[in-house]
$ cat target.txt   # compact mmCIF, C-alpha atoms
# COMPACT_ATOMS: atom_id res chain seq x y z
CA MET A 201 0.00 0.00 0.00
CA GLY A 202 1.25 3.49 -0.86
CA SER A 203 1.95 6.25 1.61
CA ASP A 204 -0.50 9.01 2.45
CA GLU A 205 2.05 11.74 1.70
CA GLU A 206 0.69 14.47 -0.56
CA SER A 207 3.06 13.51 -3.38
CA ASN A 208 1.32 10.11 -3.49
CA LEU A 209 -2.27 11.43 -3.39
CA CYS A 210 -4.64 12.68 -6.06
CA SER A 211 -7.93 14.57 -5.88
CA CYS A 212 -10.83 12.46 -7.05
CA CYS A 213 -14.49 11.91 -6.39
CA LEU A 214 -15.58 9.28 -3.88
CA ARG A 215 -17.15 7.15 -6.61
CA CYS A 216 -13.91 6.94 -8.63
CA ASN A 217 -11.89 6.28 -5.50
CA LEU A 218 -14.16 3.39 -4.52
CA LYS A 219 -14.07 1.97 -8.04
CA LYS A 220 -10.29 2.21 -8.25
CA GLY A 221 -9.67 0.58 -4.87
CA PRO A 222 -6.20 -1.01 -4.77
CA ASN A 223 -6.03 -1.54 -8.54
CA ILE A 224 -3.01 -0.23 -10.41
CA ALA A 225 -3.92 -1.90 -13.70
CA SER A 226 -6.90 -3.11 -15.69
CA THR A 227 -7.66 -4.51 -19.11
CA ASP A 228 -7.85 -2.50 -22.31
CA PRO A 229 -11.33 -3.07 -23.77
CA ALA A 230 -9.98 -2.42 -27.28
CA ALA A 231 -7.81 -5.54 -26.99
CA GLY A 232 -10.93 -7.70 -27.35
CA SER A 233 -10.45 -11.24 -26.14
CA ALA A 234 -6.68 -10.73 -25.74
CA TYR A 235 -7.17 -9.32 -22.21
CA ARG A 236 -4.19 -7.00 -22.43
CA ILE A 237 -3.37 -5.78 -18.91
CA VAL A 238 -2.19 -2.17 -18.80
CA ALA A 239 -1.34 0.32 -16.07
CA LEU A 240 -4.02 2.85 -15.16
CA PHE A 241 -3.70 6.54 -16.00
CA HIS A 242 -1.41 8.20 -13.43
CA PRO A 243 -2.71 11.74 -12.71
CA ARG A 244 0.56 12.87 -11.09
CA LYS A 245 2.76 11.75 -13.99
CA GLN A 246 0.55 11.88 -17.09
CA ARG A 247 -1.60 14.52 -18.78
CA TRP A 248 -5.36 13.98 -18.91
CA ASP A 249 -5.72 15.37 -22.42
CA THR A 250 -3.16 12.88 -23.74
CA HIS A 251 -5.20 9.89 -22.54
CA PHE A 252 -8.84 11.06 -22.62
CA GLN A 253 -11.19 13.11 -24.75
CA LEU A 254 -14.45 14.64 -23.56
CA ARG A 255 -16.98 14.15 -26.35
CA GLU A 256 -19.87 16.50 -27.06
CA ASP A 257 -22.34 13.81 -25.97
CA GLY A 258 -20.87 13.86 -22.45
CA ARG A 259 -18.89 10.64 -22.74
CA ILE A 260 -15.20 10.44 -21.85
CA GLU A 261 -13.32 8.45 -24.43
CA GLY A 262 -10.03 6.78 -23.57
CA VAL A 263 -7.69 7.42 -26.49
CA THR A 264 -4.73 5.37 -25.22
CA ARG A 265 -4.51 1.92 -23.65
CA GLU A 266 -4.17 3.55 -20.21
CA GLY A 267 -7.09 5.87 -20.89
CA ARG A 268 -9.39 3.09 -22.07
CA ALA A 269 -8.48 0.82 -19.14
CA THR A 270 -9.02 3.65 -16.63
CA ALA A 271 -12.32 4.77 -18.17
CA ARG A 272 -13.55 1.18 -18.06
CA LEU A 273 -12.44 0.44 -14.49
CA LEU A 274 -13.74 3.71 -13.04
CA ASP A 275 -16.96 3.50 -15.08
CA PHE A 276 -16.55 7.04 -16.46
CA ASN A 277 -19.47 6.55 -18.81
CA ALA A 278 -22.16 5.32 -16.43
CA GLU A 279 -25.39 6.76 -17.82
CA GLU A 280 -26.11 9.13 -14.90
CA ARG A 281 -22.57 10.54 -15.13
CA VAL A 282 -22.90 11.06 -18.88
CA GLN A 283 -26.26 12.80 -18.43
CA LEU A 284 -24.77 15.20 -15.87
CA ARG A 285 -21.76 15.93 -18.09
CA ARG A 286 -24.06 16.52 -21.05
CA LEU A 287 -26.14 18.97 -19.00
CA LEU A 288 -23.01 20.81 -17.85
CA LEU A 289 -21.71 20.99 -21.40
CA GLN A 290 -25.04 22.26 -22.74
CA GLN A 291 -25.95 24.68 -19.97
CA GLY A 292 -23.24 25.00 -17.37
CA TRP A 293 -20.46 26.64 -19.34
CA SER A 294 -22.81 29.16 -20.93
CA SER A 295 -24.50 30.00 -17.63
CA PRO A 296 -24.10 33.58 -16.38
CA ALA A 297 -23.01 32.05 -13.04
CA MET A 298 -20.06 30.09 -14.53
CA PRO A 299 -17.46 32.91 -14.36
CA GLU A 300 -18.32 33.49 -10.70
CA LEU A 301 -18.16 29.77 -9.94
CA LEU A 302 -14.77 29.38 -11.62
CA SER A 303 -13.36 32.43 -9.85
CA SER A 304 -14.45 30.97 -6.50
CA LEU A 305 -12.52 27.71 -7.01
CA PRO A 306 -8.85 27.49 -6.10
CA ILE A 307 -6.40 27.20 -8.98
CA ASN A 308 -4.33 24.03 -8.89
CA GLY A 309 -0.80 24.71 -7.64
CA LEU A 310 -1.52 28.35 -6.79
CA ASP A 311 -4.38 28.84 -4.31
CA GLY A 312 -5.57 27.47 -0.99
CA THR A 313 -4.96 23.83 -0.16
CA LEU A 314 -4.13 23.16 -3.81
CA ARG A 315 -1.08 25.45 -3.55
CA ARG A 316 0.98 22.44 -2.41
CA SER A 317 -0.21 20.26 -5.27
CA ARG A 318 2.59 18.93 -7.47
CA ALA A 319 0.37 18.73 -10.55
CA THR A 320 0.95 21.27 -13.31
CA PRO A 321 0.12 24.69 -11.81
CA GLY A 322 -2.75 26.61 -13.35
CA ARG A 323 -4.15 23.68 -15.38
CA ALA A 324 -7.36 23.25 -13.37
CA HIS A 325 -9.85 24.91 -11.04
CA LEU A 326 -10.74 22.35 -8.38
CA THR A 327 -12.45 22.05 -5.06
CA THR A 328 -11.19 20.05 -2.13
CA GLY A 329 -13.05 18.59 0.82
CA SER A 330 -16.50 17.08 0.81
$ encode --input "target.txt" --output "structure tokens"
Amino acid sequence: MGSDEESNLCSCCLRCNLKKGPNIASTDPAAGSAYRIVALFHPRKQRWDTHFQLREDGRIEGVTREGRATARLLDFNAEERVQLRRLLLQQGWSSPAMPELLSSLPINGLDGTLRRSRATPGRAHLTTGS
């Protein structure tokens, strides 16, 4: 089991954390019956946009072996998650409240508790806590 030092932790939702559990690898669904085992996407060492693509329909598509295995294991495209993403894409970003919401969130690597994050500074607005 890994340490609980900040350099070994990653922000994620409870659902993804429970789905990931102790797994460090999964199978690539594109490998078909070959059951190719691949490492999961590593958020501290890899870039999200290299391994995933957010589609207009709200689905997250894994574009690499690691991305596909991670999306499958964490169930990124469960229907209720896709519906929420679709709603956010259709209405959330164009909402008059979006600029205020974004400005209220800490910037990764720069603000609040995310100041100590080792991820690429300024690449995301996130919230911590529950």
$ axis_aligned_box --input "target.txt" --around "region 292-303 of chain A" --padding-each-side "5 Å" --output "AutoDock Vina command-line options"
--center_x -18.9 --center_y 29.3 --center_z -15.4 --size_x 21.1 --size_y 18.6 --size_z 21.1
$ residues_near_point --input "target.txt" --point "(-2.5, 6.3, -18.3)" --cutoff "8 Å" --atoms "all atoms listed in the file" --output "PyMOL selection string"
chain A and resi 239-243+246+251+264-267+270
$ atom_distance --input "target.txt" --atom1 "CA of Leu288 (chain A)" --atom2 "CA of Ser226 (chain A)"
28.9 Å
$ atom_distance --input "target.txt" --atom1 "CA of Ala297 (chain A)" --atom2 "CA of Trp248 (chain A)"
25.9 Å
$ atom_distance --input "target.txt" --atom1 "CA of Gly262 (chain A)" --atom2 "CA of Arg285 (chain A)"
15.9 Å
$ closest_atom_pairs --input "target.txt" --of "region 225-261 of chain A" --to "region 271-275 of chain A" --cutoff "9 Å" --atoms "all atoms listed in the file" --output "JSON lines"
{"residue": "A:Ala225", "atom": "CA", "partner": "A:Leu273", "partner_atom": "CA", "distance": 8.9}
{"residue": "A:Ser226", "atom": "CA", "partner": "A:Leu273", "partner_atom": "CA", "distance": 6.7}
{"residue": "A:Thr227", "atom": "CA", "partner": "A:Arg272", "partner_atom": "CA", "distance": 8.3}
{"residue": "A:Asp228", "atom": "CA", "partner": "A:Arg272", "partner_atom": "CA", "distance": 8.0}
{"residue": "A:Pro229", "atom": "CA", "partner": "A:Arg272", "partner_atom": "CA", "distance": 7.5}
{"residue": "A:Leu240", "atom": "CA", "partner": "A:Leu273", "partner_atom": "CA", "distance": 8.8}
{"residue": "A:Phe252", "atom": "CA", "partner": "A:Ala271", "partner_atom": "CA", "distance": 8.5}
{"residue": "A:Ile260", "atom": "CA", "partner": "A:Ala271", "partner_atom": "CA", "distance": 7.3}
{"residue": "A:Glu261", "atom": "CA", "partner": "A:Ala271", "partner_atom": "CA", "distance": 7.3}
